[in-house]
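To start, the structure under review is shown below, and the notes come after it.
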Amino acid sequence: MTKERKMTLTIPKEELMSPGHLACQGCGASLAMRLALKALGQRTVVCIPACCWAVIDGPFPHSSLDIPIYHCAFETAASSASGVKAGLEMVGDTETTVLAWAGDGGTFDIGLQALSGAAERNEDIIYACYDNEAYMNTGIQRSSATPLGAWTTTTPVKHYKKHPKKDIIGIMAAHRIPYVATASVAYPEDMVKKFKKAKEIKGTRFIHIFAPCPAGWKSRPEDTIKLARLAVQTGYFPLYEVEYGEKWTLNLKIKERKPIAEYLKLQGRFRHLKDDEIAMIQKEVDANWERLLKRCEQ
Amino acid sequence: MKKVIMGNHALSYGAMLSRAQVIAAYPITPQTQVVELLSEMCADGTLNAKFIKVESEHSAMAACLGASLAGARTFTATSAQGLALMHELLHWASGGRLPVVMGNINRAMAPGWSIWTDQNDSLSQRDTGWIQFYCASNQEVLDTVIQAFKVSEKLMIPSMIVLDAFALSHTYEVVDVPDQDKVDAYLPPFNPPFRLTPDDPHAFGGLTSPEHYMELRYKLQKDMEKVPALVEETGKEYEKMFGRYLGQVDEYLCDDAEFIFVTSGTAGYTARVVVDELREKGIKAGNLRIKLFRPFPFEKVRSILSKVPKVAVVDRNISYGHHGIFYQEVKSAMYGQPHQPVIFGFITGLGGRDITRDTFKEIADYALSKSQAEEEIVWIGVKK
Amino acid sequence: MSKKKEAKKIVFNSEKEMPIVAMSIGSMLYNKTGAWRNIKPVIDLSKCIKCGICWKFCPDASIDIIDDWPQINYDYCKGCGICAEECPQKCIVMVEEEK
């Protein structure tokens with residue numbers, strides 16, 4: 001009955017990431033790269049600091065991407081990308097997109113100074129942070145992107161993370177750069193659209209990608225997309241964008257948000273939470289959601 | 001064209017004449033004039049370069065490395081704490097084989113805060129795989145920047161041009177600023193053997209297993225070993241075109257000397273005055289100023305010092321728990337040589353205390369009156 | 001680009017064969033990650049509606065579109081199960097790998 005139907009492709013077919021890479025099963029970060037490169041195309045240079053992707057790409061002398069990569073120091077994604085952009089322009093290449101691709105540790109923590117510097121200078125780069133909410137490559141240590149309530153190897157169950165996740169979008173929006181957006185591996189069309197939009201803008205563009213990590217979240221590999229989708233549907237990780245720090249737009253309106261418990265219960269890192277603690281997290285999500293809606297209404 | 005310029009501006013003119021394409025820098029006393037002049041040059045079009053005004057020295061070097069990998073000629077300058085902040089990326093530059101040229105103004109490390117000169121900042125970076133040139137005049141600074149680009153780009157190893165805070169950085173001297181077209185003839189455009197481009201995509205600096213890492217470091221050392229000969233070659237070529245020879249060391253009356261000061265930086269010029277005074281008294285003194293510190297000019301140093309009975313190494317630095325660093329290096333160069341001089345190690349001038357004629361006289365008095373040093377470190381000028 | 005697409009592991013036997021810097025000259029395609037798999041996805045094409053969802057969500061780029069049909073590339077599929085989980089037709093099942 002379906003023989004006549006044509007295959008529906010809602011995102012570009014071109015693959016710039018080959019299989020054979022070293023990501024774990026069900027890795028959100030590898031899917032994020034695959035989707036981002038579909039949008040950006042081959043005329044892209046990527047700076048990758050220490051993060052899972054420093055390993056995923058594969059060992060010297062091999063690579064799993066068909067674009068040039070500069071594996072740079074941990075705290076230098078934004079500063080390296082600034083240099084690459086200037087260097088390319090000075091050798092006559094003004095067309096190539098320069099992408100910085102860092103994890104949450106490299107963005108929220110150790111690389112924040114360089115990122116803020118680059119954003120203040122409005123460097124003509126796209127900075128993408130794939131957020132798996134902890135230092136996963138070193139074995140699941142907390143970062144300032146780790147959410148309230150989560151277990152990591154440095155926030156053990158008895159001392160789970162007591163502080164909420166850093167508001168990186170708020171920080172980047174405060175730099176009044178042309179484009180700041182969130183994206184999720186569960187919404188490939190939205191992500192591709194945002195990277196394509198970012199590609200056409202000059203100046204610093206920041207895209208924060210939600211990328212589940214089965215190994216670090218103690219979730220089932222097959223649940224990666226489901227978790228990323230629930231994060232959006234619960235309002236924990238809404239899809240929105242901010243232009244020039246002023247214009248806030250909610251890209252996916254959620255009429256009835258699902259309870260955060262649905263999202264939490266699929267992950268071993270939240271298993272220790274009692275009802276009152278889940279209620280506390282729900283409150284935090286609700287407050288963030290309300291704040292976002294207000295900003296988007298203005 | 002002759003100009004009266006400060007040492008810091010000699011760095012700027014060197015970078016300008018070398019047609020640096022990307023400059024990324026962060027201000028620190030006593031380096032600031034280097035980048036102030038360069039940013040003016042970039043702003044008024046004298047120099048066609050991108051100046052990235054970064055938020056730290058760490059980002060300065062990171063940006064230089066990115067630009068260098070993209071195929072651009074890059075320059076930066078820093079000092080002391082700034083250089084220390086760059087430390088991680090100094091390894092990145094040499095390991096990544098990115099021929100950045102950097103000026104470093106020797107300034108003592110805090111605490112206590114000091115803006116005055118000594119060499120512990122740059123000597124702490126001696127094992128990072130950078131070529132290091134210690135300069136003694138503004139002319140030498142300017143000329144060496146141009147030569148350093150040539151050497152660095154040929155071997156794909158970064159270079160550091162080192163000059164004393166204030167004693168050189170802020171001292172005005174007459175400098176012959178070469179014509180641009182002659183510099184262009186000496187220094188061709190940067191054309192690296194690899195670069196970051198979508199036309200030929202490679203991943204640079206990826207995970208390197210024990211299976212391959214050691215060979216990459218072996219290759220770096222092998223290329224480092226080629227530096228002394230290349231410095232000679234490019235130094236002679238420079239002399240042919242500009243009339244000034246740029247060598248690994250600067251010898252002053254060493255040929256018949258029976259007593260030699262081993263110096264570096266501006267102290268090397270002060271030493272010459274005392275050499276003259278000693279010669280007037282009938283003491284055959286000489287001065288060997290070491291300019292190329294990394295790689296260490298073993299052959300040059302050996303050929304000069306193996307003819308001399310006594311050598312006084314003057315260090316404006318210290319490796320705590322060991323000795324003066326030039327002293328260590330000279331001793332290691334002379335170890336096992338058929339003719340070994342008696343080598344004395346003096347430490348003086350830390351944190352910007354002046355090294356004067358009297359300093360050298362005291363050093364000479366000590367060394368000439370003794371057949372052996374009574375201690376491994378002879379401190380000069382410490383208020384005991 | 002084409003030279004990167006060869007599925008061959010490169011090992012240097014001498015420093016002379018190596019570039020001076022750690023740069024890639026080959027593709028990770030040599031690394032047949034299918035060996036990591038314990039369970040494997042099997043597509044029942046008779047129920048497939050060609051929605052492309054399995055292809056879209058594969059983190060390992062291991063679902064190819066061949067003659068307009070999705071096809072698992074078992075050389076590389078790590079068996080994460082996302083395709084089976086996300087398939088709206090439930091026409092992909094994960095079956096025990098025979099070893």
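Chain labels follow the order of the structure tokens: the first chain is A, the next B, and so on; residue numbering restarts at 1 in every chain, and ligands are counted from 1 in their shown order.
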Mind the document's chain letters and residue numbers, and return as a CSV table (one decimal) with N, CA and C atoms, in the first residue's frame the residues of chain C that DSSP labels strand (DSSP E or B).
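To be explicit, this is the file written out as states_23.csv:
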chain,number,residue,atom,x,y,z
C,23,MET,N,47.4,15.4,12.2
C,23,MET,CA,46.2,15.8,11.3
C,23,MET,C,45.7,14.6,10.6
C,26,GLY,N,42.6,10.2,7.1
C,26,GLY,CA,41.7,9.1,6.8
C,26,GLY,C,40.4,9.2,7.5
C,27,SER,N,39.5,8.4,7.2
C,27,SER,CA,38.1,8.4,7.7
C,27,SER,C,37.9,7.4,8.8
C,39,ILE,N,21.8,-5.9,20.4
C,39,ILE,CA,20.5,-6.1,19.8
C,39,ILE,C,20.5,-5.3,18.5
C,40,LYS,N,19.8,-5.8,17.5
C,40,LYS,CA,19.8,-5.1,16.2
C,40,LYS,C,18.4,-4.8,15.7
C,41,PRO,N,18.3,-3.7,15.0
C,41,PRO,CA,17.0,-3.3,14.5
C,41,PRO,C,16.7,-4.0,13.2
C,42,VAL,N,15.5,-4.5,13.1
C,42,VAL,CA,15.1,-5.1,11.8
C,42,VAL,C,13.8,-4.4,11.3
C,43,ILE,N,13.8,-3.9,10.1
C,43,ILE,CA,12.7,-3.2,9.6
C,43,ILE,C,11.8,-4.1,8.8
C,63,ILE,N,21.5,4.7,9.1
C,63,ILE,CA,20.4,4.2,8.3
C,63,ILE,C,20.5,5.0,7.0
C,64,ASP,N,20.7,4.2,5.9
C,64,ASP,CA,20.8,4.8,4.6
C,64,ASP,C,19.4,4.8,3.9
C,65,ILE,N,19.3,5.6,2.9
C,65,ILE,CA,18.1,5.6,2.1
C,65,ILE,C,18.5,5.0,0.7
C,66,ILE,N,18.1,3.8,0.5
C,66,ILE,CA,18.5,3.1,-0.7
C,66,ILE,C,17.3,2.8,-1.5
C,69,TRP,N,14.1,3.6,0.1
C,69,TRP,CA,13.7,2.8,1.3
C,69,TRP,C,14.8,3.0,2.4
C,70,PRO,N,14.4,3.0,3.7
C,70,PRO,CA,15.4,3.0,4.7
C,70,PRO,C,16.1,1.6,4.9
C,71,GLN,N,17.4,1.7,5.1
C,71,GLN,CA,18.1,0.4,5.2
C,71,GLN,C,19.1,0.6,6.3
C,72,ILE,N,19.1,-0.4,7.2
C,72,ILE,CA,20.1,-0.3,8.3
C,72,ILE,C,21.5,-0.7,7.8
C,92,ILE,N,9.9,-1.3,13.2
C,92,ILE,CA,11.2,-1.7,13.5
C,92,ILE,C,11.2,-2.4,14.8
C,93,VAL,N,11.8,-3.6,14.8
C,93,VAL,CA,11.9,-4.3,16.1
C,93,VAL,C,13.4,-4.6,16.4
C,94,MET,N,13.7,-4.6,17.7
C,94,MET,CA,15.1,-4.9,18.1
C,94,MET,C,15.1,-6.4,18.4
C,95,VAL,N,16.0,-7.1,17.7
C,95,VAL,CA,16.1,-8.5,18.0
C,95,VAL,C,17.5,-8.8,18.5
C,96,GLU,N,17.6,-9.9,19.3
C,96,GLU,CA,18.9,-10.4,19.8
C,96,GLU,C,19.9,-10.6,18.7
* Asked: So which bits of chain C end up helix (DSSP H, G or I) when you DSSP the backbone, as a list in words?
  -> Ser2, Lys3, Lys4, Lys5, Glu15, Lys16, Glu17, Met28, Leu29, Tyr30, Thr33, Gly34, Ala35, Trp36, Ile53, Cys54, Trp55, Lys56, Phe57, Ile82, Cys83, Ala84, Glu85 and Glu86 of chain C
Write a file of the just-selected residues containing C-alpha atoms, as a PDB file, in the first residue's frame.
ATOM      1  CA  SER C   2      37.066  11.636  -1.488  1.00  0.00           C
ATOM      2  CA  LYS C   3      40.291  10.407   0.095  1.00  0.00           C
ATOM      3  CA  LYS C   4      38.675  10.636   3.540  1.00  0.00           C
ATOM      4  CA  LYS C   5      35.986   8.196   2.492  1.00  0.00           C
ATOM      5  CA  GLU C  15      57.994   8.674  11.722  1.00  0.00           C
ATOM      6  CA  LYS C  16      59.030   9.389   8.135  1.00  0.00           C
ATOM      7  CA  GLU C  17      55.546   8.447   6.906  1.00  0.00           C
ATOM      8  CA  MET C  28      36.637   6.731  10.790  1.00  0.00           C
ATOM      9  CA  LEU C  29      34.766   4.489   8.361  1.00  0.00           C
ATOM     10  CA  TYR C  30      37.397   1.847   9.096  1.00  0.00           C
ATOM     11  CA  THR C  33      31.000  -0.055  15.174  1.00  0.00           C
ATOM     12  CA  GLY C  34      28.438  -2.735  14.347  1.00  0.00           C
ATOM     13  CA  ALA C  35      30.578  -4.959  16.545  1.00  0.00           C
ATOM     14  CA  TRP C  36      29.397  -2.967  19.598  1.00  0.00           C
ATOM     15  CA  ILE C  53      11.966   9.419  11.073  1.00  0.00           C
ATOM     16  CA  CYS C  54      14.332   6.490  11.707  1.00  0.00           C
ATOM     17  CA  TRP C  55      16.879   8.013   9.323  1.00  0.00           C
ATOM     18  CA  LYS C  56      16.475  11.460  10.825  1.00  0.00           C
ATOM     19  CA  PHE C  57      17.152  10.441  14.416  1.00  0.00           C
ATOM     20  CA  ILE C  82      16.253   4.953  18.831  1.00  0.00           C
ATOM     21  CA  CYS C  83      14.867   4.039  15.393  1.00  0.00           C
ATOM     22  CA  ALA C  84      12.637   1.305  16.827  1.00  0.00           C
ATOM     23  CA  GLU C  85      11.494   3.561  19.661  1.00  0.00           C
ATOM     24  CA  GLU C  86      10.664   6.475  17.387  1.00  0.00           C
TER      25      GLU C  86
END
* Could you write out as a VMD selection string the residues of chain C within 7 Å of chain B, counting only C-alpha atoms? -> chain C and resid 1 15 20 to 25
So which residues touch B:Gly265 within 10 Å, counting only C-alpha atoms, skipping near sequence neighbours fewer than 6 positions away, as an mmCIF file with C-alpha atoms, in the first residue's frame?
data_model
loop_
_atom_site.group_PDB
_atom_site.id
_atom_site.type_symbol
_atom_site.label_atom_id
_atom_site.label_comp_id
_atom_site.auth_asym_id
_atom_site.auth_seq_id
_atom_site.Cartn_x
_atom_site.Cartn_y
_atom_site.Cartn_z
ATOM 1 C CA ASN B 106 60.931 40.252 30.587
ATOM 2 C CA ASP B 118 64.057 39.718 35.226
ATOM 3 C CA GLN B 119 63.982 36.591 33.128
ATOM 4 C CA PHE B 133 65.826 35.005 21.222
ATOM 5 C CA TYR B 134 67.105 37.345 23.978
ATOM 6 C CA CYS B 135 67.809 40.783 22.522
ATOM 7 C CA ALA B 136 70.027 43.589 23.713
ATOM 8 C CA SER B 137 69.230 46.576 21.475
ATOM 9 C CA VAL B 162 62.575 38.563 24.526
ATOM 10 C CA LEU B 163 63.605 42.004 25.767
ATOM 11 C CA ASP B 164 64.202 43.519 29.198
ATOM 12 C CA ALA B 167 66.006 48.794 30.197
ATOM 13 C CA LEU B 168 65.071 47.998 26.608
ATOM 14 C CA ARG B 289 76.110 37.282 25.075
ATOM 15 C CA ILE B 290 73.773 34.390 24.404
ATOM 16 C CA LYS B 291 71.002 35.513 22.075
ATOM 17 C CA ARG B 316 69.021 37.545 36.014
#
Once you count only C-alpha atoms, what closest atom pair and distance in Å to one decimal does each residue of chain B within 9 Å of chain A have, with rows by chain and rising residue number, as a tab-separated table?
residue	atom	partner	partner_atom	distance
B:Gln21	CA	A:Met90	CA	6.3
B:Val22	CA	A:Gly87	CA	6.4
B:Ala24	CA	A:Gly83	CA	8.0
B:Asn48	CA	A:Met90	CA	8.7
B:Ala49	CA	A:Met90	CA	7.3
B:Lys50	CA	A:Ala86	CA	6.4
B:Phe51	CA	A:Ala86	CA	8.6
B:Ile52	CA	A:Gly83	CA	7.8
B:Lys53	CA	A:Arg121	CA	8.0
B:Val54	CA	A:Gly117	CA	6.4
B:Glu55	CA	A:Gly117	CA	5.5
B:Ser56	CA	A:Ala114	CA	8.0
B:His58	CA	A:Thr76	CA	8.1
B:Ser59	CA	A:Ser79	CA	5.3
B:Ala60	CA	A:Ser79	CA	7.6
B:Met61	CA	A:Ser79	CA	8.6
B:Ala62	CA	A:Ser80	CA	5.0
B:Ala63	CA	A:Gly83	CA	3.8
B:Cys64	CA	A:Gly83	CA	5.8
B:Leu65	CA	A:Gly83	CA	6.9
B:Gly66	CA	A:Val84	CA	4.3
B:Ala67	CA	A:Gly87	CA	3.9
B:Ser68	CA	A:Gly87	CA	6.6
B:Leu69	CA	A:Val84	CA	7.2
B:Ala70	CA	A:Gly87	CA	5.1
B:Gly71	CA	A:Gly87	CA	6.3
B:Ala72	CA	A:Gly87	CA	5.0
B:Arg73	CA	A:Gly87	CA	8.1
B:Thr74	CA	A:Gly87	CA	8.6
B:Glu88	CA	A:Ala73	CA	8.2
B:Leu89	CA	A:Ala73	CA	7.6
B:Trp92	CA	A:Ala73	CA	7.9
B:Leu196	CA	A:Pro68	CA	5.9
B:Thr197	CA	A:Pro68	CA	6.1
B:Pro198	CA	A:Arg43	CA	5.5
B:Asp199	CA	A:Arg43	CA	8.1
B:Asp200	CA	A:Pro68	CA	7.5
B:Pro201	CA	A:Pro68	CA	4.1
B:His202	CA	A:Pro68	CA	4.8
B:Ala203	CA	A:Ile69	CA	4.3
B:Phe204	CA	A:Tyr70	CA	5.1
B:Gly205	CA	A:His71	CA	5.2
B:Gly206	CA	A:Phe60	CA	5.4
B:Leu207	CA	A:Pro59	CA	4.6
B:Thr208	CA	A:Phe60	CA	5.3
B:Ser209	CA	A:Pro59	CA	7.2
B:His212	CA	A:Phe60	CA	8.2
Produce a file of the selected residues containing C-alpha atoms, as a PDB file, in the first residue's frame.
ATOM      1  CA  GLN B  21      48.119  39.479   9.127  1.00  0.00           C
ATOM      2  CA  VAL B  22      46.444  38.727  12.418  1.00  0.00           C
ATOM      3  CA  ALA B  24      45.632  39.313  18.962  1.00  0.00           C
ATOM      4  CA  ASN B  48      46.775  45.352   6.527  1.00  0.00           C
ATOM      5  CA  ALA B  49      45.968  43.128   9.455  1.00  0.00           C
ATOM      6  CA  LYS B  50      43.123  42.117  11.720  1.00  0.00           C
ATOM      7  CA  PHE B  51      43.668  43.135  15.315  1.00  0.00           C
ATOM      8  CA  ILE B  52      41.635  41.033  17.732  1.00  0.00           C
ATOM      9  CA  LYS B  53      41.300  42.853  21.034  1.00  0.00           C
ATOM     10  CA  VAL B  54      40.822  39.842  23.245  1.00  0.00           C
ATOM     11  CA  GLU B  55      39.845  39.655  26.897  1.00  0.00           C
ATOM     12  CA  SER B  56      42.972  37.808  28.136  1.00  0.00           C
ATOM     13  CA  HIS B  58      45.069  33.094  27.011  1.00  0.00           C
ATOM     14  CA  SER B  59      42.586  34.162  24.370  1.00  0.00           C
ATOM     15  CA  ALA B  60      45.294  36.201  22.623  1.00  0.00           C
ATOM     16  CA  MET B  61      47.379  33.141  22.019  1.00  0.00           C
ATOM     17  CA  ALA B  62      44.308  30.994  21.248  1.00  0.00           C
ATOM     18  CA  ALA B  63      43.233  33.466  18.573  1.00  0.00           C
ATOM     19  CA  CYS B  64      46.763  33.616  17.135  1.00  0.00           C
ATOM     20  CA  LEU B  65      46.829  29.825  16.898  1.00  0.00           C
ATOM     21  CA  GLY B  66      43.462  29.669  15.142  1.00  0.00           C
ATOM     22  CA  ALA B  67      44.551  32.357  12.690  1.00  0.00           C
ATOM     23  CA  SER B  68      47.896  30.693  12.091  1.00  0.00           C
ATOM     24  CA  LEU B  69      46.207  27.363  11.373  1.00  0.00           C
ATOM     25  CA  ALA B  70      43.947  29.165   8.911  1.00  0.00           C
ATOM     26  CA  GLY B  71      47.118  30.223   7.086  1.00  0.00           C
ATOM     27  CA  ALA B  72      47.691  33.759   8.340  1.00  0.00           C
ATOM     28  CA  ARG B  73      50.952  35.221   9.655  1.00  0.00           C
ATOM     29  CA  THR B  74      50.353  36.056  13.310  1.00  0.00           C
ATOM     30  CA  GLU B  88      49.067  25.962  28.143  1.00  0.00           C
ATOM     31  CA  LEU B  89      48.836  27.411  24.670  1.00  0.00           C
ATOM     32  CA  TRP B  92      49.717  24.111  21.755  1.00  0.00           C
ATOM     33  CA  LEU B 196      42.440  24.722   7.996  1.00  0.00           C
ATOM     34  CA  THR B 197      40.264  24.970   4.888  1.00  0.00           C
ATOM     35  CA  PRO B 198      37.109  23.304   3.579  1.00  0.00           C
ATOM     36  CA  ASP B 199      38.911  22.837   0.242  1.00  0.00           C
ATOM     37  CA  ASP B 200      41.083  20.157   1.817  1.00  0.00           C
ATOM     38  CA  PRO B 201      39.489  19.159   5.110  1.00  0.00           C
ATOM     39  CA  HIS B 202      41.625  17.672   7.851  1.00  0.00           C
ATOM     40  CA  ALA B 203      41.138  17.363  11.593  1.00  0.00           C
ATOM     41  CA  PHE B 204      44.068  18.959  13.442  1.00  0.00           C
ATOM     42  CA  GLY B 205      45.235  17.996  16.899  1.00  0.00           C
ATOM     43  CA  GLY B 206      42.911  15.042  17.433  1.00  0.00           C
ATOM     44  CA  LEU B 207      43.287  12.278  19.950  1.00  0.00           C
ATOM     45  CA  THR B 208      46.794  10.852  19.544  1.00  0.00           C
ATOM     46  CA  SER B 209      47.479   7.438  21.013  1.00  0.00           C
ATOM     47  CA  HIS B 212      51.879   7.885  17.392  1.00  0.00           C
TER      48      HIS B 212
END
* Just need the residues of chain A within 6 Å of chain C, counting only C-alpha atoms, so spit them out as a ChimeraX atom specification. => /A:2,7-9,19-21,25-26,30-31,60-64,221-222
Pull N, CA and C atoms from the residues just selected and write them as a JSON list (two decimals), in the first residue's frame.
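Once written, result36.json looks like this:
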[["chain", "number", "residue", "atom", "x", "y", "z"],
["A", 2, "THR", "N", 2.06, 1.12, 0.41],
["A", 2, "THR", "CA", 2.88, 2.33, 0.52],
["A", 2, "THR", "C", 3.93, 2.42, -0.59],
["A", 7, "MET", "N", 9.78, 8.77, -0.14],
["A", 7, "MET", "CA", 10.39, 8.99, 1.18],
["A", 7, "MET", "C", 10.31, 10.47, 1.55],
["A", 8, "THR", "N", 9.86, 10.73, 2.77],
["A", 8, "THR", "CA", 9.74, 12.12, 3.21],
["A", 8, "THR", "C", 11.02, 12.55, 3.93],
["A", 9, "LEU", "N", 11.72, 13.50, 3.36],
["A", 9, "LEU", "CA", 12.90, 14.02, 4.05],
["A", 9, "LEU", "C", 12.63, 15.46, 4.45],
["A", 19, "PRO", "N", 29.53, 7.43, 9.75],
["A", 19, "PRO", "CA", 29.47, 6.45, 10.83],
["A", 19, "PRO", "C", 30.88, 5.96, 11.15],
["A", 20, "GLY", "N", 31.00, 5.22, 12.24],
["A", 20, "GLY", "CA", 32.32, 4.74, 12.65],
["A", 20, "GLY", "C", 32.90, 5.61, 13.76],
["A", 21, "HIS", "N", 32.20, 6.71, 14.08],
["A", 21, "HIS", "CA", 32.69, 7.60, 15.14],
["A", 21, "HIS", "C", 32.56, 6.92, 16.50],
["A", 25, "GLN", "N", 26.30, 4.55, 22.46],
["A", 25, "GLN", "CA", 24.99, 4.24, 21.88],
["A", 25, "GLN", "C", 23.95, 5.26, 22.34],
["A", 26, "GLY", "N", 23.21, 5.79, 21.38],
["A", 26, "GLY", "CA", 22.14, 6.72, 21.72],
["A", 26, "GLY", "C", 22.63, 8.10, 22.11],
["A", 30, "SER", "N", 26.23, 13.32, 19.22],
["A", 30, "SER", "CA", 26.61, 12.96, 17.85],
["A", 30, "SER", "C", 25.46, 13.29, 16.89],
["A", 31, "LEU", "N", 24.22, 13.06, 17.35],
["A", 31, "LEU", "CA", 23.08, 13.43, 16.50],
["A", 31, "LEU", "C", 23.04, 14.94, 16.30],
["A", 60, "PHE", "N", 43.71, 10.41, 15.76],
["A", 60, "PHE", "CA", 44.68, 10.69, 14.70],
["A", 60, "PHE", "C", 45.18, 9.38, 14.12],
["A", 61, "PRO", "N", 45.33, 9.20, 12.81],
["A", 61, "PRO", "CA", 45.09, 10.19, 11.76],
["A", 61, "PRO", "C", 43.72, 10.02, 11.07],
["A", 62, "HIS", "N", 42.66, 9.89, 11.87],
["A", 62, "HIS", "CA", 41.33, 9.68, 11.31],
["A", 62, "HIS", "C", 40.37, 10.74, 11.82],
["A", 63, "SER", "N", 39.28, 10.90, 11.08],
["A", 63, "SER", "CA", 38.25, 11.84, 11.50],
["A", 63, "SER", "C", 36.91, 11.33, 10.98],
["A", 64, "SER", "N", 35.84, 11.71, 11.66],
["A", 64, "SER", "CA", 34.53, 11.27, 11.18],
["A", 64, "SER", "C", 33.74, 12.41, 10.54],
["A", 221, "PRO", "N", 19.41, 4.04, 26.08],
["A", 221, "PRO", "CA", 19.86, 4.70, 24.84],
["A", 221, "PRO", "C", 18.68, 5.01, 23.90],
["A", 222, "GLU", "N", 17.69, 4.13, 23.87],
["A", 222, "GLU", "CA", 16.57, 4.34, 22.95],
["A", 222, "GLU", "C", 15.67, 5.49, 23.39]]
* Asked: So how far away is atom CA of B:Trp116 from atom CA of B:Leu278, in Å?
  -> 29.3 Å
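The space between atom CA of A:Met17 and atom CA of A:Gly139 spans 24.6 Å.
Across the model, the gap from atom CA of B:Gln132 to atom CA of B:Ala364 is 27.7 Å.
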* Asked: So which residues touch B:Gly345 within 6 Å, counting only C-alpha atoms, skipping near sequence neighbours fewer than 6 positions away, as a PyMOL selection string?
  -> chain B and resi 313+327+377
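Residue neighbourhood of B:Ser12, excluding near-sequence residues (fewer than 4 positions): Asn8, Met16, Val34, Val35, Leu37, Leu38 and Leu142 of chain B, at 8 Å, using only C-alpha atoms.
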* **Spatial neighbours of stretch 256-258 of chain A, 8 Å, only C-alpha atoms, chain gap at least 4 places, as an MDAnalysis selection string** => chainID A and resid 230 233:235 262
Export of the given selection (C-alpha atoms) as a tab-separated table (two decimals), in the first residue's frame:
chain	number	residue	atom	x	y	z
A	230	LEU	CA	9.85	15.58	27.16
A	233	GLN	CA	7.06	19.38	26.48
A	234	THR	CA	7.50	19.86	30.21
A	235	GLY	CA	8.87	23.34	29.68
A	262	GLU	CA	7.51	12.24	33.61
Do a neighbour search on B:Pro111 at 12 Å with only C-alpha atoms, toss out local chain neighbours closer than 5 positions, and write the hits as a PDB file with C-alpha atoms, in the first residue's frame.
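Result written to around-v4.pdb:
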ATOM      1  CA  ALA B  80      55.279  38.026  32.838  1.00  0.00           C
ATOM      2  CA  GLN B  81      51.833  37.144  34.248  1.00  0.00           C
ATOM      3  CA  GLY B 351      63.006  42.084  40.071  1.00  0.00           C
TER       4      GLY B 351
END
